[in-house]
>>> print(open('entry00.pdb').read())   # PDB, C-alpha atoms (C1' of nucleotides)
ATOM      1  CA  MET M  65     101.917 105.891 120.735
ATOM      2  CA  ALA M  66     104.151 108.906 120.380
ATOM      3  CA  PRO M  67     102.398 111.590 118.303
ATOM      4  CA  ASP M  68     105.395 112.358 116.110
ATOM      5  CA  THR M  69     106.250 112.156 112.431
ATOM      6  CA  SER M  70     106.932 108.417 112.686
ATOM      7  CA  SER M  71     103.458 107.660 114.027
ATOM      8  CA  ILE M  72     100.818 105.811 112.058
ATOM      9  CA  GLY M  73      98.615 108.892 112.131
ATOM     10  CA  TYR M  74     101.278 110.879 110.335
ATOM     11  CA  LEU M  75     101.773 108.020 107.869
ATOM     12  CA  VAL M  76      98.058 108.030 107.073
ATOM     13  CA  LYS M  77      98.226 111.756 106.329
ATOM     14  CA  HIS M  78     101.412 111.292 104.290
ATOM     15  CA  ALA M  79      99.882 108.495 102.219
ATOM     16  CA  GLN M  80      96.699 110.490 101.650
ATOM     17  CA  ALA M  81      98.655 113.579 100.607
ATOM     18  CA  ALA M  82     100.810 111.584  98.194
ATOM     19  CA  LEU M  83      97.785 109.829  96.711
ATOM     20  CA  HIS M  84      95.909 113.109  96.355
ATOM     21  CA  SER M  85      98.851 114.721  94.625
ATOM     22  CA  ARG M  86      99.226 111.859  92.147
ATOM     23  CA  MET M  87      95.508 111.836  91.443
ATOM     24  CA  GLU M  88      95.603 115.573  90.747
ATOM     25  CA  ASP M  89      98.379 114.997  88.232
ATOM     26  CA  ALA M  90      96.475 112.148  86.600
ATOM     27  CA  LEU M  91      93.158 114.024  86.383
ATOM     28  CA  ARG M  92      94.543 117.390  85.278
ATOM     29  CA  PRO M  93      94.481 116.480  81.567
ATOM     30  CA  LEU M  94      90.742 115.837  81.913
ATOM     31  CA  GLY M  95      90.140 119.154  83.666
ATOM     32  CA  LEU M  96      88.859 117.384  86.774
ATOM     33  CA  SER M  97      89.834 117.986  90.391
ATOM     34  CA  VAL M  98      90.017 115.119  92.865
ATOM     35  CA  SER M  99      86.892 116.388  94.611
ATOM     36  CA  GLN M 100      84.991 116.543  91.332
ATOM     37  CA  TYR M 101      86.126 113.023  90.480
ATOM     38  CA  ALA M 102      85.043 111.722  93.888
ATOM     39  CA  CYS M 103      81.667 113.383  93.437
ATOM     40  CA  MET M 104      81.134 111.778  90.040
ATOM     41  CA  VAL M 105      82.123 108.341  91.338
ATOM     42  CA  LEU M 106      79.527 108.661  94.083
ATOM     43  CA  VAL M 107      76.838 109.771  91.641
ATOM     44  CA  HIS M 108      77.705 106.858  89.385
ATOM     45  CA  GLU M 109      77.443 104.381  92.262
ATOM     46  CA  GLN M 110      74.227 105.873  93.624
ATOM     47  CA  PRO M 111      72.203 107.542  90.863
ATOM     48  CA  GLY M 112      69.688 109.974  92.303
ATOM     49  CA  ILE M 113      71.831 110.718  95.352
ATOM     50  CA  SER M 114      71.285 114.059  97.104
ATOM     51  CA  ALA M 115      73.927 116.775  97.464
ATOM     52  CA  SER M 116      74.011 116.345 101.224
ATOM     53  CA  GLU M 117      74.712 112.639 100.874
ATOM     54  CA  LEU M 118      77.372 113.414  98.301
ATOM     55  CA  ALA M 119      78.965 115.842 100.740
ATOM     56  CA  ARG M 120      79.217 113.204 103.434
ATOM     57  CA  GLY M 121      80.701 110.718 100.989
ATOM     58  CA  ALA M 122      83.296 113.197  99.767
ATOM     59  CA  PHE M 123      84.114 114.473 103.285
ATOM     60  CA  VAL M 124      83.153 118.091 102.641
ATOM     61  CA  THR M 125      80.231 120.274 103.743
ATOM     62  CA  ARG M 126      77.021 120.328 101.756
ATOM     63  CA  GLN M 127      77.699 123.978 100.898
ATOM     64  CA  SER M 128      80.984 123.042  99.250
ATOM     65  CA  MET M 129      79.359 120.135  97.451
ATOM     66  CA  ASN M 130      76.617 122.366  96.053
ATOM     67  CA  ALA M 131      79.213 124.785  94.689
ATOM     68  CA  LEU M 132      81.106 121.853  93.200
ATOM     69  CA  LEU M 133      77.926 120.486  91.629
ATOM     70  CA  ARG M 134      77.144 123.826  89.997
ATOM     71  CA  ALA M 135      80.468 123.629  88.153
ATOM     72  CA  LEU M 136      79.788 120.067  87.003
ATOM     73  CA  ILE M 137      76.287 121.004  85.834
ATOM     74  CA  GLU M 138      77.719 124.019  84.020
ATOM     75  CA  ARG M 139      80.050 121.658  82.157
ATOM     76  CA  GLY M 140      77.190 119.314  81.328
ATOM     77  CA  LEU M 141      78.653 116.368  83.250
ATOM     78  CA  VAL M 142      75.909 116.149  85.842
ATOM     79  CA  ARG M 143      72.160 116.726  85.776
ATOM     80  CA  ARG M 144      69.834 117.770  88.575
ATOM     81  CA  PRO M 145      66.165 118.769  88.478
ATOM     82  CA  VAL M 146      65.293 122.295  89.568
ATOM     83  CA  ARG M 147      62.528 121.002  91.771
ATOM     84  CA  ALA M 148      62.059 117.693  93.576
ATOM     85  CA  ASP M 149      58.991 115.507  93.031
ATOM     86  CA  THR M 150      58.800 114.979  96.773
ATOM     87  CA  GLY M 151      60.786 116.403  99.654
ATOM     88  CA  ARG M 152      63.651 118.874  99.290
ATOM     89  CA  ALA M 153      66.463 116.573  98.167
ATOM     90  CA  LEU M 154      67.340 117.027  94.491
ATOM     91  CA  PRO M 155      68.355 113.712  92.856
ATOM     92  CA  THR M 156      71.671 113.976  91.023
ATOM     93  CA  GLU M 157      72.606 111.957  87.941
ATOM     94  CA  LEU M 158      75.429 111.743  85.429
ATOM     95  CA  THR M 159      74.834 112.854  81.862
ATOM     96  CA  ALA M 160      76.069 110.748  78.953
ATOM     97  CA  THR M 161      79.064 113.067  78.644
ATOM     98  CA  GLY M 162      79.704 112.757  82.367
ATOM     99  CA  THR M 163      79.559 108.982  82.266
ATOM    100  CA  GLU M 164      81.991 108.907  79.363
ATOM    101  CA  LEU M 165      84.447 111.263  81.074
ATOM    102  CA  LEU M 166      84.202 109.360  84.334
ATOM    103  CA  GLY M 167      85.131 106.179  82.509
ATOM    104  CA  ARG M 168      88.339 107.743  81.257
ATOM    105  CA  ALA M 169      89.071 109.221  84.683
ATOM    106  CA  GLU M 170      88.657 105.861  86.389
ATOM    107  CA  ILE M 171      91.303 104.323  84.146
ATOM    108  CA  LEU M 172      93.781 107.040  85.073
ATOM    109  CA  VAL M 173      92.985 106.785  88.789
ATOM    110  CA  SER M 174      93.246 102.998  88.677
ATOM    111  CA  GLU M 175      96.793 103.356  87.419
ATOM    112  CA  VAL M 176      97.653 105.596  90.361
ATOM    113  CA  GLN M 177      96.101 103.229  92.889
ATOM    114  CA  ASP M 178      97.785 100.225  91.282
ATOM    115  CA  ARG M 179     101.076 102.050  91.591
ATOM    116  CA  MET M 180     100.381 102.814  95.243
ATOM    117  CA  LEU M 181      99.780  99.126  95.964
ATOM    118  CA  SER M 182     102.426  97.786  93.602
ATOM    119  CA  ARG M 183     104.769  96.728  96.388
ATOM    120  CA  LEU M 184     102.126  94.846  98.386
ATOM    121  CA  ALA M 185     101.129  91.221  97.925
ATOM    122  CA  ALA M 186      97.455  90.285  97.706
ATOM    123  CA  ALA M 187      97.368  89.178 101.349
ATOM    124  CA  GLU M 188      99.011  92.407 102.429
ATOM    125  CA  ARG M 189      96.444  94.424 100.505
ATOM    126  CA  ARG M 190      93.624  92.589 102.215
ATOM    127  CA  ALA M 191      95.277  93.158 105.590
ATOM    128  CA  LEU M 192      95.716  96.865 104.816
ATOM    129  CA  GLU M 193      92.074  97.168 103.830
ATOM    130  CA  GLY M 194      90.973  95.419 107.003
ATOM    131  CA  SER M 195      93.195  97.530 109.225
ATOM    132  CA  LEU M 196      91.999 100.772 107.657
ATOM    133  CA  LEU M 197      88.409  99.711 108.182
ATOM    134  CA  ALA M 198      89.215  98.919 111.816
ATOM    135  CA  CYS M 199      90.745 102.389 112.243
ATOM    136  CA  ILE M 200      87.728 104.064 110.657
ATOM    137  CA  ASP M 201      85.313 102.102 112.817
ATOM    138  CA  ALA M 202      87.252 102.878 115.974
ATOM    139  CA  LEU M 203      87.120 106.607 115.229
ATOM    140  CA  ALA M 204      83.441 106.655 114.254
TER     141      ALA M 204
ATOM    142  CA  MET V 151      91.537  97.886  91.353
ATOM    143  CA  ALA V 152      88.188  99.505  90.856
ATOM    144  CA  PRO V 153      88.350 103.212  91.763
ATOM    145  CA  ASP V 154      85.189 103.229  93.823
ATOM    146  CA  THR V 155      84.220 103.897  97.409
ATOM    147  CA  SER V 156      85.346 100.423  98.476
ATOM    148  CA  SER V 157      88.876 100.915  97.177
ATOM    149  CA  ILE V 158      91.881 101.246  99.446
ATOM    150  CA  GLY V 159      92.462 104.761  98.135
ATOM    151  CA  TYR V 160      89.041 105.799  99.384
ATOM    152  CA  LEU V 161      89.680 104.056 102.697
ATOM    153  CA  VAL V 162      92.912 106.017 103.118
ATOM    154  CA  LYS V 163      90.998 109.250 102.575
ATOM    155  CA  HIS V 164      88.230 108.136 104.916
ATOM    156  CA  ALA V 165      90.667 107.220 107.674
ATOM    157  CA  GLN V 166      92.546 110.499 107.262
ATOM    158  CA  ALA V 167      89.327 112.514 107.353
ATOM    159  CA  ALA V 168      88.112 110.716 110.483
ATOM    160  CA  LEU V 169      91.464 111.139 112.211
ATOM    161  CA  HIS V 170      91.618 114.820 111.270
ATOM    162  CA  SER V 171      88.127 115.399 112.605
ATOM    163  CA  ARG V 172      88.884 113.705 115.929
ATOM    164  CA  MET V 173      92.143 115.593 116.266
ATOM    165  CA  GLU V 174      90.301 118.864 115.661
ATOM    166  CA  ASP V 175      87.894 118.001 118.453
ATOM    167  CA  ALA V 176      90.740 117.066 120.787
ATOM    168  CA  LEU V 177      92.820 120.189 120.068
ATOM    169  CA  ARG V 178      89.977 122.726 120.076
ATOM    170  CA  PRO V 179      90.124 123.252 123.867
ATOM    171  CA  LEU V 180      93.769 124.288 123.448
ATOM    172  CA  GLY V 181      92.959 126.711 120.624
ATOM    173  CA  LEU V 182      95.142 124.775 118.212
ATOM    174  CA  SER V 183      94.314 123.606 114.692
ATOM    175  CA  VAL V 184      95.639 120.314 113.362
ATOM    176  CA  SER V 185      97.999 122.193 111.044
ATOM    177  CA  GLN V 186      99.335 124.275 113.898
ATOM    178  CA  TYR V 187      99.844 121.149 115.984
ATOM    179  CA  ALA V 188     101.696 119.415 113.142
ATOM    180  CA  CYS V 189     103.897 122.458 112.720
ATOM    181  CA  MET V 190     104.805 122.523 116.403
ATOM    182  CA  VAL V 191     105.604 118.799 116.432
ATOM    183  CA  LEU V 192     107.987 119.305 113.531
ATOM    184  CA  VAL V 193     109.666 122.271 115.211
ATOM    185  CA  HIS V 194     110.033 120.244 118.400
ATOM    186  CA  GLU V 195     111.628 117.331 116.530
ATOM    187  CA  GLN V 196     113.915 119.561 114.477
ATOM    188  CA  PRO V 197     114.717 122.790 116.320
ATOM    189  CA  GLY V 198     115.989 125.459 113.944
ATOM    190  CA  ILE V 199     114.006 124.058 111.012
ATOM    191  CA  SER V 200     113.114 126.480 108.189
ATOM    192  CA  ALA V 201     109.574 127.396 107.166
ATOM    193  CA  SER V 202     110.011 125.731 103.797
ATOM    194  CA  GLU V 203     111.052 122.465 105.423
ATOM    195  CA  LEU V 204     108.095 122.778 107.791
ATOM    196  CA  ALA V 205     105.798 123.241 104.821
ATOM    197  CA  ARG V 206     106.992 120.037 103.188
ATOM    198  CA  GLY V 207     106.588 118.156 106.452
ATOM    199  CA  ALA V 208     103.071 119.443 106.958
ATOM    200  CA  PHE V 209     102.038 118.917 103.309
ATOM    201  CA  VAL V 210     101.209 122.566 102.604
ATOM    202  CA  THR V 211     102.908 125.310 100.598
ATOM    203  CA  ARG V 212     105.583 127.483 102.179
ATOM    204  CA  GLN V 213     103.260 130.471 101.805
ATOM    205  CA  SER V 214     100.620 128.776 103.934
ATOM    206  CA  MET V 215     103.212 127.724 106.477
ATOM    207  CA  ASN V 216     104.509 131.263 106.799
ATOM    208  CA  ALA V 217     101.009 132.560 107.468
ATOM    209  CA  LEU V 218     100.523 129.792 110.024
ATOM    210  CA  LEU V 219     103.835 130.629 111.699
ATOM    211  CA  ARG V 220     102.888 134.285 112.027
ATOM    212  CA  ALA V 221      99.870 133.262 114.101
ATOM    213  CA  LEU V 222     101.990 131.004 116.324
ATOM    214  CA  ILE V 223     104.590 133.755 116.791
ATOM    215  CA  GLU V 224     101.806 136.204 117.592
ATOM    216  CA  ARG V 225     100.660 133.852 120.352
ATOM    217  CA  GLY V 226     104.180 133.491 121.675
ATOM    218  CA  LEU V 227     104.365 129.742 120.992
ATOM    219  CA  VAL V 228     107.122 129.922 118.409
ATOM    220  CA  ARG V 229     110.184 132.129 117.965
ATOM    221  CA  ARG V 230     112.016 133.082 114.796
ATOM    222  CA  PRO V 231     114.819 135.596 114.249
ATOM    223  CA  VAL V 232     114.089 138.530 111.970
ATOM    224  CA  ARG V 233     117.309 137.971 110.113
ATOM    225  CA  ALA V 234     119.370 134.844 109.495
ATOM    226  CA  ASP V 235     123.041 134.642 110.459
ATOM    227  CA  THR V 236     123.759 133.052 107.107
ATOM    228  CA  GLY V 237     121.575 132.333 104.087
ATOM    229  CA  ARG V 238     117.893 133.198 103.887
ATOM    230  CA  ALA V 239     116.357 130.386 105.935
ATOM    231  CA  LEU V 240     115.052 131.597 109.300
ATOM    232  CA  PRO V 241     115.525 128.949 112.027
ATOM    233  CA  THR V 242     112.315 128.281 113.940
ATOM    234  CA  GLU V 243     112.145 127.247 117.592
ATOM    235  CA  LEU V 244     109.509 126.641 120.246
ATOM    236  CA  THR V 245     109.235 129.046 123.167
ATOM    237  CA  ALA V 246     108.859 127.733 126.703
ATOM    238  CA  THR V 247     105.128 128.397 126.463
ATOM    239  CA  GLY V 248     104.994 126.585 123.134
ATOM    240  CA  THR V 249     106.833 123.567 124.504
ATOM    241  CA  GLU V 250     104.466 123.391 127.433
ATOM    242  CA  LEU V 251     101.368 123.652 125.265
ATOM    243  CA  LEU V 252     102.709 121.072 122.817
ATOM    244  CA  GLY V 253     103.177 118.654 125.679
ATOM    245  CA  ARG V 254      99.521 118.937 126.601
ATOM    246  CA  ALA V 255      98.472 118.648 122.965
ATOM    247  CA  GLU V 256     100.508 115.479 122.458
ATOM    248  CA  ILE V 257      98.665 113.783 125.289
ATOM    249  CA  LEU V 258      95.302 114.587 123.716
ATOM    250  CA  VAL V 259      96.439 113.483 120.255
ATOM    251  CA  SER V 260      97.902 110.285 121.658
ATOM    252  CA  GLU V 261      94.499 109.411 123.024
ATOM    253  CA  VAL V 262      92.973 109.852 119.568
ATOM    254  CA  GLN V 263      95.621 107.751 117.887
ATOM    255  CA  ASP V 264      95.352 105.066 120.533
ATOM    256  CA  ARG V 265      91.629 104.981 119.921
ATOM    257  CA  MET V 266      92.223 104.663 116.177
ATOM    258  CA  LEU V 267      94.498 101.662 116.693
ATOM    259  CA  SER V 268      92.548 100.164 119.580
ATOM    260  CA  ARG V 269      91.187  97.280 117.523
ATOM    261  CA  LEU V 270      94.542  96.251 116.091
ATOM    262  CA  ALA V 271      97.043  93.867 117.676
ATOM    263  CA  ALA V 272     100.698  94.836 117.882
ATOM    264  CA  ALA V 273     101.589  92.732 114.840
ATOM    265  CA  GLU V 274      98.748  94.300 112.873
ATOM    266  CA  ARG V 275      99.957  97.776 113.773
ATOM    267  CA  ARG V 276     103.444  96.955 112.552
ATOM    268  CA  ALA V 277     101.998  95.528 109.334
ATOM    269  CA  LEU V 278      99.860  98.637 108.837
ATOM    270  CA  GLU V 279     102.861 100.873 109.352
ATOM    271  CA  GLY V 280     104.916  98.855 106.869
ATOM    272  CA  SER V 281     102.169  98.823 104.263
ATOM    273  CA  LEU V 282     101.615 102.585 104.536
ATOM    274  CA  LEU V 283     105.342 103.157 104.096
ATOM    275  CA  ALA V 284     105.286 100.899 101.031
ATOM    276  CA  CYS V 285     102.384 102.914  99.583
ATOM    277  CA  ILE V 286     104.176 106.202 100.237
ATOM    278  CA  ASP V 287     107.394 104.953  98.686
ATOM    279  CA  ALA V 288     105.582 103.638  95.630
ATOM    280  CA  LEU V 289     103.945 107.040  95.049
ATOM    281  CA  ALA V 290     107.114 109.073  95.632
TER     282      ALA V 290
ATOM    283  C1'  DT C 176     135.867 136.625  88.866
ATOM    284  C1'  DG C 177     131.218 136.524  86.976
ATOM    285  C1'  DA C 178     127.093 134.068  85.752
ATOM    286  C1'  DT C 179     123.877 130.530  86.687
ATOM    287  C1'  DT C 180     121.241 127.560  89.443
ATOM    288  C1'  DG C 181     118.542 126.414  93.425
ATOM    289  C1'  DA C 182     116.304 127.328  97.836
ATOM    290  C1'  DT C 183     114.117 130.604 100.853
ATOM    291  C1'  DG C 184     111.013 134.324 102.311
ATOM    292  C1'  DT C 185     107.393 137.376 100.954
ATOM    293  C1'  DC C 186     103.625 139.929  98.491
ATOM    294  C1'  DA C 187      99.354 139.791  95.841
ATOM    295  C1'  DA C 188      95.264 137.697  93.834
ATOM    296  C1'  DC C 189      92.441 133.824  93.425
ATOM    297  C1'  DT C 190      90.115 129.456  94.685
ATOM    298  C1'  DT C 191      88.312 126.340  97.807
ATOM    299  C1'  DC C 192      86.264 125.197 101.942
ATOM    300  C1'  DC C 193      84.047 126.222 106.286
ATOM    301  C1'  DT C 194      80.834 128.404 109.836
ATOM    302  C1'  DG C 195      76.546 130.656 110.703
ATOM    303  C1'  DA C 196      72.029 131.514 109.402
ATOM    304  C1'  DC C 197      67.507 130.938 107.251
ATOM    305  C1'  DA C 198      63.506 128.938 104.577
ATOM    306  C1'  DT C 199      61.397 124.678 102.871
ATOM    307  C1'  DG C 200      59.411 120.140 103.107
ATOM    308  C1'  DA C 201      58.817 115.362 105.234
ATOM    309  C1'  DA C 202      58.151 112.621 109.314
ATOM    310  C1'  DG C 203      56.710 111.797 113.845
ATOM    311  C1'  DA C 204      54.591 112.982 118.607
ATOM    312  C1'  DG C 205      51.169 115.177 121.105
TER     313       DG C 205
ATOM    314  C1'  DC H 203      45.119 118.310 113.075
ATOM    315  C1'  DT H 204      49.017 120.878 115.074
ATOM    316  C1'  DC H 205      53.508 121.293 116.769
ATOM    317  C1'  DT H 206      58.063 119.774 116.960
ATOM    318  C1'  DT H 207      61.999 117.750 114.991
ATOM    319  C1'  DC H 208      65.097 116.761 111.410
ATOM    320  C1'  DA H 209      67.288 116.848 106.864
ATOM    321  C1'  DT H 210      67.922 119.503 102.721
ATOM    322  C1'  DG H 211      69.139 123.466  99.819
ATOM    323  C1'  DT H 212      70.782 128.098  99.767
ATOM    324  C1'  DC H 213      72.834 132.735 100.889
ATOM    325  C1'  DA H 214      76.407 135.544 103.081
ATOM    326  C1'  DG H 215      80.806 136.163 105.256
ATOM    327  C1'  DG H 216      85.248 134.695 106.662
ATOM    328  C1'  DA H 217      89.184 131.457 107.197
ATOM    329  C1'  DA H 218      92.649 128.580 105.052
ATOM    330  C1'  DG H 219      95.147 127.175 101.221
ATOM    331  C1'  DT H 220      96.912 127.664  96.475
ATOM    332  C1'  DT H 221      99.235 129.623  92.270
ATOM    333  C1'  DG H 222     102.175 133.161  90.296
ATOM    334  C1'  DA H 223     105.614 136.367  90.848
ATOM    335  C1'  DC H 224     109.744 138.663  92.653
ATOM    336  C1'  DA H 225     113.957 139.720  95.506
ATOM    337  C1'  DT H 226     117.590 137.704  98.310
ATOM    338  C1'  DC H 227     121.371 134.675  99.442
ATOM    339  C1'  DA H 228     124.376 130.381  99.068
ATOM    340  C1'  DA H 229     126.453 127.224  96.150
ATOM    341  C1'  DT H 230     128.076 125.789  91.803
ATOM    342  C1'  DC H 231     130.336 126.188  87.452
ATOM    343  C1'  DA H 232     132.455 128.229  83.307
TER     344       DA H 232
END
>>> encode(input="entry00.pdb", output="structure tokens")
Amino acid sequence: MAPDTSSIGYLVKHAQAALHSRMEDALRPLGLSVSQYACMVLVHEQPGISASELARGAFVTRQSMNALLRALIERGLVRRPVRADTGRALPTELTATGTELLGRAEILVSEVQDRMLSRLAAAERRALEGSLLACIDALA
Amino acid sequence: MAPDTSSIGYLVKHAQAALHSRMEDALRPLGLSVSQYACMVLVHEQPGISASELARGAFVTRQSMNALLRALIERGLVRRPVRADTGRALPTELTATGTELLGRAEILVSEVQDRMLSRLAAAERRALEGSLLACIDALA
DNA sequence: TGATTGATGTCAACTTCCTGACATGAAGAG
DNA sequence: CTCTTCATGTCAGGAAGTTGACATCAATCA
């Protein structure tokens, strides 16, 4: 494969950049960044998750995730105990306000993702999902 | 589509993050960042390109691209006139050293991209390329 | 001709993210 | 039980990217 701007690698970056940009636009009215949204989705899926696990899921360092979490806690969207019952990991959870805001954010993000996939048939979407998983596995 | 960690949008981000990480590893021995590599590929494809056009192609702001270019010029990989013959745009070109280094970088990046696509048949690669283009177009 | 619009380059300040380092606590090996 | 190893949270510093602003130059239009 020629590593140029017509390569699949460049297309992956282009698609990610376009998606990120559209998600920023969609989430701006809620005062949420894409990273903050991703963090809240992960907390919603795995209540009690640690900041380090959140960092891996959001593809940032744990230092960045901790700074991000402080902002969400400050806004009352996320809750985290000061001290862990056991171990060092501090379990993170959504507050009622956070859960409500996440619900609205997910609607807006769904619209963006639906738009992204609007020109693909169901079989093509499944094939795209499978191919992306194959790429991720191959690079792991 | 549910906006969760099993969605195609998340897979796009995951694939991009994994590819970026592997490219960083591959380019580190050459002292090049992924952004610098992308910039040099664009200059190689379109000699005389302006910094603003480079910025759009690399998905960063023109301010970031100008800072990036200064580093490449400092290293003698890229050349840019102080003053344009006409207009404000300063045409950017690779030096001989830059062309040589880019050649070595492209080999290393090709290996990463080949690895990413190693589990996909030719038809699947074409389908992936087409689907990514459809996603990009739909978000434009 | 003169004014307006749009694109480019650049400066400054701010935000975000990363690397490096260190202390804490659990788990496992000796 | 003790030591080592590993993951987590946190602090400090620096690198990379962004927004906002302004001057310059070409092109367009009244």
>>> closest_atom_pairs(input="entry00.pdb", of="chain M", to="chain V", cutoff="7 Å", atoms="only C-alpha atoms", output="tab-separated table")
residue	atom	partner	partner_atom	distance
M:Met65	CA	V:Ser260	CA	6.0
M:Ala66	CA	V:Ser260	CA	6.5
M:Pro67	CA	V:Ser260	CA	5.8
M:Asp68	CA	V:Val191	CA	6.5
M:Ile72	CA	V:Glu279	CA	6.0
M:Gly73	CA	V:Gln263	CA	6.6
M:Leu75	CA	V:Leu282	CA	6.4
M:Val76	CA	V:Gln166	CA	6.0
M:Lys77	CA	V:Gln166	CA	5.9
M:Ala79	CA	V:Ile286	CA	5.3
M:Gln80	CA	V:Lys163	CA	5.9
M:Ala81	CA	V:Phe209	CA	6.9
M:Ala82	CA	V:Leu289	CA	6.4
M:Leu83	CA	V:Leu289	CA	7.0
M:Val105	CA	V:Asp154	CA	6.5
M:Phe123	CA	V:Ala167	CA	6.9
M:Glu170	CA	V:Pro153	CA	6.0
M:Val173	CA	V:Pro153	CA	6.6
M:Ser174	CA	V:Pro153	CA	5.8
M:Gln177	CA	V:Gly159	CA	6.6
M:Asp178	CA	V:Met151	CA	6.7
M:Arg179	CA	V:Ala288	CA	6.3
M:Met180	CA	V:Cys285	CA	4.8
M:Leu181	CA	V:Cys285	CA	5.9
M:Ser182	CA	V:Ala288	CA	7.0
M:Arg183	CA	V:Ala284	CA	6.3
M:Leu192	CA	V:Leu278	CA	6.0
M:Glu193	CA	V:Ile158	CA	6.0
M:Ser195	CA	V:Leu278	CA	6.8
M:Leu196	CA	V:Leu161	CA	6.4
M:Ala198	CA	V:Arg269	CA	6.3
M:Cys199	CA	V:Met266	CA	4.8
M:Ile200	CA	V:Ala165	CA	5.2
M:Ala202	CA	V:Met266	CA	5.3
M:Leu203	CA	V:Met266	CA	5.5
>>> resolve_selection(input="entry00.pdb", expression="the PyMOL selection byres ((chain H) within 9 of (chain V))", output="CSV table (one decimal) with C-alpha atoms (C1' of nucleotides), in the coordinates of the input")
chain,number,residue,atom,x,y,z
H,218,DA,C1',92.6,128.6,105.1
H,219,DG,C1',95.1,127.2,101.2
H,220,DT,C1',96.9,127.7,96.5
H,226,DT,C1',117.6,137.7,98.3
H,227,DC,C1',121.4,134.7,99.4
H,228,DA,C1',124.4,130.4,99.1
>>> closest_atom_pairs(input="entry00.pdb", of="chain C", to="chain M", cutoff="7 Å", atoms="only C-alpha atoms (C1' of nucleotides)", output="JSON lines")
{"residue": "C:DC192", "atom": "C1'", "partner": "M:Ser128", "partner_atom": "CA", "distance": 6.3}
{"residue": "C:DG200", "atom": "C1'", "partner": "M:Gly151", "partner_atom": "CA", "distance": 5.3}
{"residue": "C:DA201", "atom": "C1'", "partner": "M:Gly151", "partner_atom": "CA", "distance": 6.0}
>>> resolve_selection(input="entry00.pdb", expression="the PyMOL selection byres ((chain M and resi 158) around 10)", output="list in words")
Met104, Val105, Val107, His108, Pro111, Gly112, Leu136, Ile137, Gly140, Leu141, Val142, Arg143, Arg144, Thr156, Glu157, Thr159, Ala160, Thr161, Gly162, Thr163, Glu164 and Leu166 of chain M
>>> resolve_selection(input="entry00.pdb", expression="the PyMOL selection byres ((chain C and resi 195-198) around 9)", output="PyMOL selection string")
(chain C and resi 194+199) or (chain H and resi 212-215)
>>> atom_distance(input="entry00.pdb", atom1="atom CA of V:Ala201", atom2="atom CA of V:Asn216")
6.4 Å
>>> atom_distance(input="entry00.pdb", atom1="atom C1' of H:DT230", atom2="atom C1' of C:DT180")
7.4 Å
>>> atom_distance(input="entry00.pdb", atom1="atom CA of M:Ala119", atom2="atom CA of M:Leu94")
22.2 Å
>>> closest_residue(input="entry00.pdb", among="C:DA204, C:DC193, C:DA188, C:DA182", to="H:DA223", atoms="all atoms listed in the file")
C:DA188
>>> closest_residue(input="entry00.pdb", among="V:Cys189, V:Ser183, V:Arg178, V:Met173", to="V:Leu219", atoms="only C-alpha atoms")
V:Cys189
>>> residues_near_point(input="entry00.pdb", point="(128.4, 126.2, 90.5)", cutoff="10 Å", atoms="only C-alpha atoms (C1' of nucleotides)", output="ChimeraX atom specification")
/C:178-180 /H:229-232
>>> axis_aligned_box(input="entry00.pdb", around="stretch 66-77 of chain M", padding_each_side="3 Å", output="AutoDock Vina command-line options")
--center_x 102.5 --center_y 109.1 --center_z 113.4 --size_x 14.9 --size_y 12.5 --size_z 20.1
>>> closest_residue(input="entry00.pdb", among="C:DT176, C:DG184, C:DT191, C:DG205", to="H:DC224", atoms="only C-alpha atoms (C1' of nucleotides)")
C:DG184
